[in-house]
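J.: To be precise about what I am sending: the file is called model.txt and holds compact mmCIF, C-alpha atoms.
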# COMPACT_ATOMS: atom_id res chain seq x y z
CA MET D 90 -39.48 29.58 -18.06
CA GLN D 91 -37.73 29.27 -21.35
CA PRO D 92 -38.07 25.74 -22.75
CA GLU D 93 -34.33 25.28 -23.25
CA LYS D 94 -33.66 26.30 -19.63
CA ALA D 95 -36.30 23.90 -18.33
CA LEU D 96 -34.91 21.12 -20.47
CA GLY D 97 -31.43 21.94 -19.29
CA PHE D 98 -32.51 21.84 -15.67
CA MET D 99 -34.22 18.50 -16.22
CA ALA D 100 -31.17 17.19 -18.04
CA PHE D 101 -28.99 18.22 -15.11
CA LEU D 102 -31.19 16.36 -12.63
CA LEU D 103 -31.35 13.35 -14.94
CA GLY D 104 -27.59 13.43 -15.33
CA CYS D 105 -27.11 13.50 -11.56
CA LEU D 106 -29.41 10.52 -11.22
CA THR D 107 -27.48 8.71 -13.95
CA VAL D 108 -24.15 9.32 -12.22
CA LYS D 109 -25.52 8.02 -8.92
CA ALA D 110 -27.03 4.97 -10.61
CA ALA D 111 -23.73 4.31 -12.36
CA CYS D 112 -21.89 4.46 -9.02
CA ILE D 113 -24.30 1.90 -7.57
CA ALA D 114 -23.99 -0.32 -10.64
CA LEU D 115 -20.21 -0.16 -10.41
CA SER D 116 -20.48 -1.11 -6.76
CA VAL D 117 -22.21 -4.32 -7.85
CA TRP D 118 -19.54 -4.80 -10.54
CA LEU D 119 -16.75 -4.41 -7.99
CA ASP D 120 -18.35 -7.06 -5.79
CA VAL D 121 -18.45 -9.47 -8.74
CA SER D 122 -15.06 -8.70 -10.27
CA ALA D 123 -13.05 -8.33 -7.05
CA PRO D 124 -14.95 -10.16 -4.31
CA ALA D 125 -11.96 -10.68 -2.03
CA PHE D 126 -10.95 -7.03 -2.18
CA THR D 127 -14.54 -5.92 -1.53
CA ALA D 128 -14.90 -8.31 1.39
CA ARG D 129 -11.62 -7.15 2.94
CA ALA D 130 -12.54 -3.49 2.59
CA LEU D 131 -16.05 -4.13 3.93
CA ASN D 132 -14.60 -6.04 6.85
CA ALA D 133 -12.30 -3.12 7.67
CA TYR D 134 -15.15 -0.63 7.23
CA GLN D 135 -17.46 -2.50 9.57
CA THR D 136 -15.11 -3.83 12.24
CA ARG D 137 -12.48 -1.07 12.39
CA GLY D 138 -14.53 2.03 11.67
CA LYS D 139 -12.61 4.57 13.79
CA ARG D 140 -9.22 3.29 12.67
CA SER D 141 -10.39 3.40 9.05
CA PHE D 142 -11.60 6.97 9.50
CA VAL D 143 -8.27 8.11 10.96
CA LEU D 144 -6.29 6.26 8.29
CA GLY D 145 -8.52 7.70 5.55
CA THR D 146 -8.22 11.24 6.89
CA ILE D 147 -4.42 11.05 7.10
CA ASN D 148 -4.11 9.54 3.62
CA GLY D 149 -6.65 11.88 2.05
CA LEU D 150 -5.20 15.10 3.45
CA ILE D 151 -1.58 14.18 2.82
CA LEU D 152 -2.25 13.04 -0.75
CA LEU D 153 -4.17 16.26 -1.41
CA PHE D 154 -1.30 18.31 0.00
CA LEU D 155 1.21 16.42 -2.12
CA PHE D 156 -0.96 16.98 -5.19
CA ILE D 157 -1.06 20.75 -4.58
CA VAL D 158 2.68 20.97 -3.99
CA LEU D 159 3.64 18.80 -6.95
CA VAL D 160 1.32 20.52 -9.42
CA ASN D 161 2.71 23.92 -8.46
CA THR D 162 6.26 22.94 -9.27
CA GLN D 163 8.00 24.20 -12.39
CA PHE D 164 9.35 20.72 -13.13
CA LYS D 165 6.68 19.21 -15.39
CA PRO D 166 7.21 15.48 -14.65
CA LEU D 167 6.54 16.20 -10.99
CA ALA D 168 3.36 18.05 -11.97
CA LEU D 169 2.32 14.96 -13.91
CA LEU D 170 2.97 12.89 -10.80
CA GLY D 171 0.73 15.27 -8.89
CA ILE D 172 -2.09 14.74 -11.39
CA LEU D 173 -1.63 10.97 -11.09
CA ILE D 174 -1.90 11.28 -7.32
CA LEU D 175 -5.13 13.25 -7.74
CA PHE D 176 -6.62 10.59 -10.04
CA MET D 177 -5.59 7.84 -7.64
CA LEU D 178 -7.14 9.72 -4.74
CA ILE D 179 -10.43 10.21 -6.61
CA ALA D 180 -10.52 6.52 -7.56
CA LEU D 181 -9.88 5.45 -3.97
CA VAL D 182 -12.56 7.80 -2.66
CA LEU D 183 -15.15 6.54 -5.14
CA ILE D 184 -14.31 2.92 -4.29
CA GLY D 185 -14.67 3.89 -0.64
CA TYR D 186 -18.20 5.10 -1.36
CA THR D 187 -19.04 1.79 -3.05
CA ILE D 188 -17.83 -0.02 0.08
CA ALA D 189 -20.13 2.23 2.11
CA TYR D 190 -23.01 1.15 -0.17
CA HIS D 191 -22.26 -2.46 0.73
CA ASP D 192 -22.24 -1.57 4.41
CA PHE D 193 -25.56 0.25 4.17
CA GLY D 194 -26.99 -2.71 2.27
CA SER D 195 -25.86 -5.27 4.81
CA ARG D 196 -27.28 -3.16 7.64
CA LEU D 197 -30.60 -2.75 5.86
CA ARG D 198 -30.74 -6.44 5.00
CA GLY D 199 -30.64 -7.57 8.61
CA ASP D 200 -32.05 -11.09 8.74
CA ARG D 201 -33.92 -10.79 5.45
CA ASP D 202 -32.87 -13.14 2.70
CA TRP D 203 -31.74 -10.52 0.19
CA SER D 204 -29.17 -11.30 -2.47
CA ALA D 205 -25.88 -9.40 -2.43
CA MET D 206 -26.94 -7.39 -5.50
CA ARG D 207 -30.25 -6.37 -4.01
CA ALA D 208 -28.59 -5.38 -0.73
CA THR D 209 -25.97 -3.28 -2.55
CA ILE D 210 -28.51 -1.52 -4.76
CA THR D 211 -30.81 -0.79 -1.83
CA GLY D 212 -27.91 0.35 0.33
CA GLY D 213 -26.57 2.61 -2.40
CA ALA D 214 -29.94 4.21 -3.08
CA VAL D 215 -30.59 4.84 0.62
CA ALA D 216 -27.06 6.20 1.17
CA GLU D 217 -27.35 8.61 -1.75
CA LEU D 218 -30.74 9.81 -0.54
CA MET D 219 -29.25 10.40 2.90
CA PHE D 220 -26.39 12.40 1.38
CA LEU D 221 -28.99 14.74 -0.16
CA THR D 222 -30.15 15.92 3.26
CA PRO D 223 -29.11 19.57 3.58
CA VAL D 224 -25.98 20.22 5.67
CA VAL D 225 -26.27 17.06 7.80
CA GLY D 226 -26.16 14.85 4.72
CA GLN D 227 -23.04 16.54 3.41
CA ILE D 228 -21.24 16.27 6.77
CA PHE D 229 -22.24 12.62 6.94
CA SER D 230 -21.03 12.12 3.39
CA LEU D 231 -17.65 13.58 4.36
CA GLY D 232 -17.39 11.13 7.25
CA VAL D 233 -18.29 8.23 4.96
CA LEU D 234 -15.71 9.47 2.45
CA PHE D 235 -12.81 9.33 4.92
CA ARG D 236 -13.97 6.09 6.52
CA GLY D 237 -14.40 4.43 3.13
CA LEU D 238 -11.01 5.71 1.98
CA GLY D 239 -9.40 4.25 5.09
CA ALA D 240 -11.14 0.92 4.54
CA VAL D 241 -9.90 0.77 0.95
CA VAL D 242 -6.35 1.62 2.03
CA THR D 243 -6.56 -1.09 4.70
CA ALA D 244 -7.76 -3.60 2.10
CA LEU D 245 -4.85 -2.68 -0.18
CA LEU D 246 -2.34 -2.97 2.65
CA SER D 247 -3.70 -6.34 3.77
CA ARG D 248 -3.08 -8.07 0.46
CA GLY D 249 -1.86 -11.59 1.06
CA PRO D 250 1.27 -13.22 -0.36
CA ALA D 251 0.89 -14.18 -4.01
CA GLN D 252 2.32 -17.69 -3.52
CA ASN D 253 -0.67 -18.61 -1.36
CA GLU D 254 -3.16 -17.49 -3.93
CA VAL D 255 -5.85 -20.03 -4.81
CA SER D 256 -5.66 -21.09 -8.43
CA PRO D 257 -7.21 -23.93 -10.41
CA GLU D 258 -3.83 -25.68 -10.39
CA ASN D 259 -3.44 -25.92 -6.62
CA VAL D 260 -7.07 -26.45 -5.63
CA MET W 187 -19.44 -59.35 -7.76
CA ASN W 188 -19.41 -59.49 -11.54
CA ASP W 189 -19.74 -56.91 -14.28
CA THR W 190 -23.52 -56.93 -14.09
CA CYS W 191 -23.36 -56.16 -10.36
CA SER W 192 -21.02 -53.24 -11.03
CA LYS W 193 -23.32 -51.80 -13.68
CA TYR W 194 -26.35 -52.29 -11.48
CA ARG W 195 -24.71 -50.56 -8.52
CA MET W 196 -23.50 -47.76 -10.72
CA SER W 197 -27.04 -47.15 -11.95
CA LEU W 198 -28.25 -47.17 -8.34
CA ARG W 199 -25.66 -44.58 -7.36
CA GLN W 200 -26.56 -42.37 -10.31
CA GLN W 201 -30.22 -42.49 -9.31
CA PHE W 202 -29.24 -41.75 -5.71
CA ASP W 203 -27.16 -38.75 -6.77
CA ALA W 204 -30.00 -37.47 -8.94
CA GLY W 205 -32.35 -37.62 -5.95
CA LEU W 206 -34.67 -40.17 -7.49
CA GLY W 207 -36.77 -42.51 -5.36
CA LEU W 208 -34.94 -45.83 -5.24
CA GLU W 209 -37.97 -47.66 -3.91
CA GLU W 210 -39.64 -47.45 -7.29
CA VAL W 211 -36.70 -48.98 -9.09
CA THR W 212 -37.32 -52.50 -10.13
CA ASP W 213 -34.61 -54.58 -11.64
CA ASP W 214 -34.39 -58.26 -12.26
CA HIS W 215 -30.80 -58.36 -11.11
CA ALA W 216 -31.68 -57.40 -7.53
CA ALA W 217 -34.10 -60.31 -7.35
CA THR W 218 -31.42 -62.79 -8.28
CA CYS W 219 -28.37 -61.31 -6.45
CA PRO W 220 -28.65 -61.13 -2.63
CA GLU W 221 -25.61 -58.82 -2.29
CA CYS W 222 -27.01 -56.31 -4.73
CA ARG W 223 -30.43 -56.52 -3.09
CA ALA W 224 -28.80 -55.69 0.26
CA TYR W 225 -26.93 -52.83 -1.42
CA HIS W 226 -30.19 -51.58 -2.92
CA GLU W 227 -31.88 -51.68 0.46
CA GLN W 228 -29.00 -49.76 2.03
CA MET W 229 -29.17 -47.08 -0.61
CA ALA W 230 -32.96 -46.89 -0.33
CA ALA W 231 -32.72 -46.50 3.45
CA LEU W 232 -30.12 -43.78 3.06
CA ASN W 233 -32.25 -42.05 0.45
CA ALA W 234 -35.33 -42.17 2.67
CA ALA W 235 -33.30 -40.74 5.57
CA PHE W 236 -32.13 -37.86 3.38
CA PHE W 237 -35.68 -37.15 2.28
CA MET W 238 -36.73 -36.93 5.93
CA MET W 239 -34.15 -34.25 6.68
CA PRO W 240 -35.29 -30.63 6.23
CA LEU W 241 -33.69 -28.84 3.28
CA GLU W 242 -31.64 -25.86 4.47
CA VAL W 243 -30.63 -23.33 1.83
CA PRO W 244 -27.73 -21.12 2.97
CA ARG W 245 -28.99 -17.61 3.51
CA ASN W 246 -27.38 -14.64 1.82
CA VAL W 247 -26.40 -13.23 5.21
CA LEU W 248 -24.44 -16.41 5.87
CA VAL W 249 -22.81 -16.21 2.44
CA GLN W 250 -21.74 -12.62 3.12
CA ARG W 251 -20.39 -13.58 6.56
CA VAL W 252 -18.38 -16.46 5.13
CA LYS W 253 -16.98 -14.21 2.40
CA SER W 254 -16.00 -11.67 5.02
CA ARG W 255 -14.24 -14.32 7.12
CA LEU W 256 -12.51 -15.72 4.05
CA ALA W 257 -11.30 -12.25 3.19
CA ALA W 258 -9.04 -12.36 6.23
CA GLU W 259 -7.36 -15.51 4.94
CA PRO W 260 -4.12 -15.01 3.01
CA ALA W 261 -5.01 -17.73 0.52
CA TYR W 262 -8.05 -15.75 -0.61
CA ALA W 263 -6.57 -12.32 -0.21
CA ASN W 264 -5.39 -11.32 -3.68
CA ASP W 265 -7.38 -10.21 -6.63
CA ALA W 266 -5.33 -8.06 -8.90
CA ARG W 267 -8.08 -6.55 -11.02
CA TRP W 268 -9.64 -4.39 -8.31
CA TRP W 269 -8.27 -1.27 -10.02
CA LEU W 270 -10.30 -1.84 -13.19
CA PRO W 271 -13.65 -0.89 -11.65
CA ALA W 272 -11.86 1.84 -9.69
CA ALA W 273 -10.35 3.40 -12.78
CA SER W 274 -13.63 3.06 -14.71
CA LEU W 275 -15.55 4.65 -11.87
CA CYS W 276 -13.09 7.50 -11.64
CA ALA W 277 -12.98 8.15 -15.38
CA GLY W 278 -16.75 7.79 -15.79
CA ALA W 279 -17.57 10.12 -12.92
CA LEU W 280 -15.10 12.77 -14.10
CA LEU W 281 -16.40 12.55 -17.66
CA CYS W 282 -20.04 12.79 -16.59
CA ALA W 283 -19.28 15.68 -14.25
CA CYS W 284 -17.44 17.62 -16.96
CA VAL W 285 -20.09 16.96 -19.60
CA LEU W 286 -22.91 17.94 -17.26
CA TYR W 287 -21.16 21.01 -15.96
CA PHE W 288 -20.55 22.46 -19.38
CA ALA W 289 -23.60 21.09 -21.18
CA VAL W 290 -26.28 22.44 -18.85
CA PRO W 291 -26.95 26.16 -19.13
CA ILE W 292 -27.27 26.71 -15.37
CA ASP W 293 -24.33 27.30 -13.10
CA PRO W 294 -24.79 24.96 -10.09
CA TRP W 295 -22.61 27.19 -7.91
CA ALA W 296 -25.08 30.04 -8.33
CA TRP W 297 -28.28 28.09 -7.63
CA TRP W 298 -28.59 29.23 -4.04
CA ASP W 299 -28.21 32.91 -4.97
CA TYR W 300 -30.62 32.61 -7.87
CA ALA W 301 -33.19 30.77 -5.78
CA ASN W 302 -33.20 33.56 -3.20
CA GLU W 303 -33.78 36.37 -5.65
CA THR W 304 -37.08 38.18 -5.23
CA SER W 305 -37.48 39.55 -8.74
CA ALA W 306 -40.50 38.52 -10.75
CA THR W 307 -38.37 36.84 -13.37
CA PRO W 308 -35.89 34.59 -11.59
CA GLN W 309 -32.39 35.50 -12.60
CA TRP W 310 -31.30 31.88 -12.73
CA MET W 311 -33.54 31.40 -15.74
CA LEU W 312 -31.42 33.92 -17.57
CA GLY W 313 -28.04 32.75 -16.34
CA GLU W 314 -25.77 31.26 -18.95
CA ILE W 315 -22.55 29.35 -18.64
CA SER W 316 -19.68 30.61 -20.71
CA LEU W 317 -16.86 28.14 -21.16
CA ALA W 318 -14.29 30.94 -21.20
CA GLN W 319 -15.68 32.43 -17.99
CA GLU W 320 -15.68 29.05 -16.28
CA ILE W 321 -12.08 28.39 -17.26
CA ALA W 322 -11.14 31.85 -16.05
CA SER W 323 -12.88 31.31 -12.72
CA ALA W 324 -11.24 27.91 -12.34
CA GLN W 325 -7.86 29.54 -13.01
CA THR W 326 -8.60 32.23 -10.43
CA LEU W 327 -9.56 29.58 -7.90
CA TRP W 328 -6.39 27.64 -8.60
CA HIS W 329 -4.34 30.84 -8.41
CA ASP W 330 -5.83 31.62 -5.00
CA LEU W 331 -5.12 28.08 -3.83
CA SER W 332 -1.55 28.29 -5.06
CA GLY W 333 -1.24 31.72 -3.46
CA ALA W 334 -1.81 30.09 -0.11
CA LEU W 335 1.55 28.37 -0.58
CA ALA W 336 3.34 31.60 -1.49
CA PRO W 337 4.37 32.60 2.07
CA PHE W 338 6.39 29.40 2.33
CA SER W 339 9.84 29.37 0.80
CA THR W 340 10.57 26.63 -1.72
CA PRO W 341 12.98 24.65 0.52
CA LEU W 342 10.52 24.80 3.38
CA LEU W 343 7.70 23.65 1.11
CA TRP W 344 9.74 20.74 -0.20
CA MET W 345 10.75 19.83 3.32
CA LEU W 346 7.08 19.84 4.33
CA ALA W 347 6.18 17.73 1.31
CA GLY W 348 8.96 15.28 2.12
CA LEU W 349 7.85 15.06 5.73
CA ALA W 350 4.26 14.50 4.60
CA ALA W 351 5.35 11.69 2.28
CA LEU W 352 7.42 10.14 5.07
CA LEU W 353 4.48 10.39 7.46
CA LEU W 354 2.24 8.75 4.87
CA MET W 355 4.70 5.89 4.38
CA ALA W 356 5.18 5.48 8.12
CA VAL W 357 1.46 5.38 8.88
CA ASN W 358 0.65 3.00 6.05
CA GLY W 359 3.71 0.85 6.78
CA ALA W 360 2.77 0.56 10.43
CA GLU W 361 -0.78 -0.39 9.47
CA ALA W 362 0.47 -3.00 6.99
CA TYR W 363 2.81 -4.45 9.62
CA ARG W 364 0.01 -4.55 12.17
CA LEU W 365 -2.31 -6.31 9.73
CA ARG W 366 0.29 -8.93 8.84
CA THR W 367 1.26 -9.67 12.45
CA MET W 368 -2.42 -9.84 13.40
CA ARG W 369 -3.02 -12.35 10.62
CA ARG W 370 -0.04 -14.51 11.64
CA SER W 371 -1.20 -14.60 15.28
Do you think you could lay out the structure here as structure tokens?

T.:
Amino acid sequence: MQPEKALGFMAFLLGCLTVKAACIALSVWLDVSAPAFTARALNAYQTRGKRSFVLGTINGLILLFLFIVLVNTQFKPLALLGILILFMLIALVLIGYTIAYHDFGSRLRGDRDWSAMRATITGGAVAELMFLTPVVGQIFSLGVLFRGLGAVVTALLSRGPAQNEVSPENV
Amino acid sequence: MNDTCSKYRMSLRQQFDAGLGLEEVTDDHAATCPECRAYHEQMAALNAAFFMMPLEVPRNVLVQRVKSRLAAEPAYANDARWWLPAASLCAGALLCACVLYFAVPIDPWAWWDYANETSATPQWMLGEISLAQEIASAQTLWHDLSGALAPFSTPLLWMLAGLAALLLMAVNGAEAYRLRTMRRS
């Protein structure tokens, strides 16, 4: 094996590991920076799994269809809108995966006294290892993708009224 | 009760709040003031009772459950900065994927074919990624995907897109309405 090829192969594997680790780290960040949003999405993911899956599938497929149609138009602003839809869809899907990490973590935690960070990191690592299983892992990953997307959409739709928001002034 | 009593009781309360043993506290004022001595005894009894109780630290599972329940409450429902991690995650993942894809001299799409080759020198060791070729293949892929829409006329396509957008709004609107009515009830 040529050294540069071997190094490239190793760099690719290392890069994949880095991306996965970054996703798990951002999952922890999301829990800290937006705890209410994370809790709402996790609640939807755990208690309304089938509904979240259906909602995620409908949203995912329709947004993808709209992206393809809009990007193929001759009118450039609409194509830009299509690209924005694609970016939004990717962001929602990735956030959905981070919610799945939380779910895996809480299931693995059981009655053990793990902190939220430890549960999320463990859940994320186990979930990513499961996704590596040939064929079955990828099908499972697809299911988690749509379910997580649905949970995130549910969390966005269930935002409460701003006037009831807790602030230092009205506590 | 004079100023000395107030100061004495304040010091007792501070020691109580700090979890110190009040039995060990000796003060001349308590010996001379019956009211403050009674107050001291009350606080000492309360302190001893607290020490007898087992210390329960809330478990992380309980914390997570409470957070989940609170998430359903409208007063706790908004945090506007959720999109910041989302956007960072999206941008970071796309950047890493692009850098990796073009920086590593092995085409991931061809791994399976390369791995199944029987030649003595595996072909995947010799495979190189050319940026121009990759862009051309991506354009071909996109052209094929766009070609799938070619049989549809433009008005029909726009009608389908409009219907899809309406369906999306209807589904999400119905879900939002259901969530709000569920919360009110």

J.: State, in Å with one decimal place, the distance from atom CA of Leu327 of chain W to atom CA of Phe176 of chain D.

T.: 19.3 Å

J.: Might you pull out every residue within 9 Å of Glu361 of chain W, with all atoms listed in the file counted and same-chain residues fewer than 6 positions away left off, and present them as a list of chain:residue names?

T.: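 Answer for this query is D:Leu144, D:Thr243, D:Leu246, D:Ser247.
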
J.: Measuring between all atoms listed in the file, which one of D:Val215, D:Met177, D:Leu238, D:Ala244 shows the shortest distance to Phe193 of chain D?

T.: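 For Phe193 of chain D, the nearest of the given residues is D:Val215.
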
J.: Counting only C-alpha atoms, what is within 12 Å of Ala110 of chain D, bar same-chain residues fewer than 3 positions away, as a ChimeraX atom specification?

T.: /D:103-107,113-117,187,190,209-218 /W:275,278-279

J.: Identify, on the basis of all atoms listed in the file, every residue whose closest approach to segment 221-230 of chain W does not exceed 9 Å; exclude the query and any residue fewer than 2 positions from it along the same chain; express the result as a PyMOL selection string.

T.: chain W and resi 187+191+194-195+198-199+202+207-209+215-219+232-235

J.: Give me a file of those residues, with C-alpha atoms, as a short mmCIF file (atom, residue, chain, number, x, y, z; two decimals), keeping the file's coordinate frame.

T.:
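In the end it all went to selection.cif:
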data_model
loop_
_atom_site.label_atom_id
_atom_site.label_comp_id
_atom_site.auth_asym_id
_atom_site.auth_seq_id
_atom_site.Cartn_x
_atom_site.Cartn_y
_atom_site.Cartn_z
CA MET W 187 -19.44 -59.35 -7.76
CA CYS W 191 -23.36 -56.16 -10.36
CA TYR W 194 -26.35 -52.29 -11.48
CA ARG W 195 -24.71 -50.56 -8.52
CA LEU W 198 -28.25 -47.17 -8.34
CA ARG W 199 -25.66 -44.58 -7.36
CA PHE W 202 -29.24 -41.75 -5.71
CA GLY W 207 -36.77 -42.51 -5.36
CA LEU W 208 -34.94 -45.83 -5.24
CA GLU W 209 -37.97 -47.66 -3.91
CA HIS W 215 -30.80 -58.36 -11.11
CA ALA W 216 -31.68 -57.40 -7.53
CA ALA W 217 -34.10 -60.31 -7.35
CA THR W 218 -31.42 -62.79 -8.28
CA CYS W 219 -28.37 -61.31 -6.45
CA LEU W 232 -30.12 -43.78 3.06
CA ASN W 233 -32.25 -42.05 0.45
CA ALA W 234 -35.33 -42.17 2.67
CA ALA W 235 -33.30 -40.74 5.57
#

J.: Neighbouring residues of Leu335 of chain W were defined as those with any atom within 12 Å, considering all atoms listed in the file; residues of the same chain fewer than 4 positions away were excluded. Please report them as an MDAnalysis selection string.

T.: (chainID D and resid 154 157:162) or (chainID W and resid 328:331 339:340 342:344 346:347)

J.: Export C-alpha atoms of the chosen residues as a CSV table (one decimal), in the coordinates of the input?

T.:
chain,number,residue,atom,x,y,z
D,154,PHE,CA,-1.3,18.3,0.0
D,157,ILE,CA,-1.1,20.8,-4.6
D,158,VAL,CA,2.7,21.0,-4.0
D,159,LEU,CA,3.6,18.8,-7.0
D,160,VAL,CA,1.3,20.5,-9.4
D,161,ASN,CA,2.7,23.9,-8.5
D,162,THR,CA,6.3,22.9,-9.3
W,328,TRP,CA,-6.4,27.6,-8.6
W,329,HIS,CA,-4.3,30.8,-8.4
W,330,ASP,CA,-5.8,31.6,-5.0
W,331,LEU,CA,-5.1,28.1,-3.8
W,339,SER,CA,9.8,29.4,0.8
W,340,THR,CA,10.6,26.6,-1.7
W,342,LEU,CA,10.5,24.8,3.4
W,343,LEU,CA,7.7,23.6,1.1
W,344,TRP,CA,9.7,20.7,-0.2
W,346,LEU,CA,7.1,19.8,4.3
W,347,ALA,CA,6.2,17.7,1.3

J.: For each of D:Gly138, D:Gly185, D:Gly226, D:Gly171, take the minimum atom-to-atom distance to Val242 of chain D, counting only C-alpha atoms, then give the residue where this is smallest.

T.: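 Ranking D:Gly138, D:Gly185, D:Gly226, D:Gly171 by distance to Val242 of chain D, first place goes to D:Gly185.
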
J.: From the set W:Val247, W:Leu281, W:Leu352, W:Ala322, which residue has the shortest atom-to-atom contact distance to chain D, counting only C-alpha atoms?

T.: W:Val247

J.: Please indicate the distance in Å from atom CA of Ile174 of chain D to atom CA of Ile228 of chain D, rounded to one decimal place.

T.: 24.4 Å

J.: Which neighbours of Phe235 of chain D fall inside 9 Å, counting all atoms listed in the file, when residues of the same chain fewer than 3 positions from it are skipped, and could you give them as an MDAnalysis selection string?

T.: chainID D and resid 141:149 182 185 230:232 238:240

J.: So, counting only C-alpha atoms, which residue among D:Met219, D:Ile179, D:Ala168, D:Val225 is closest to chain W?

T.: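 Selected residue with least distance to chain W: D:Ile179.
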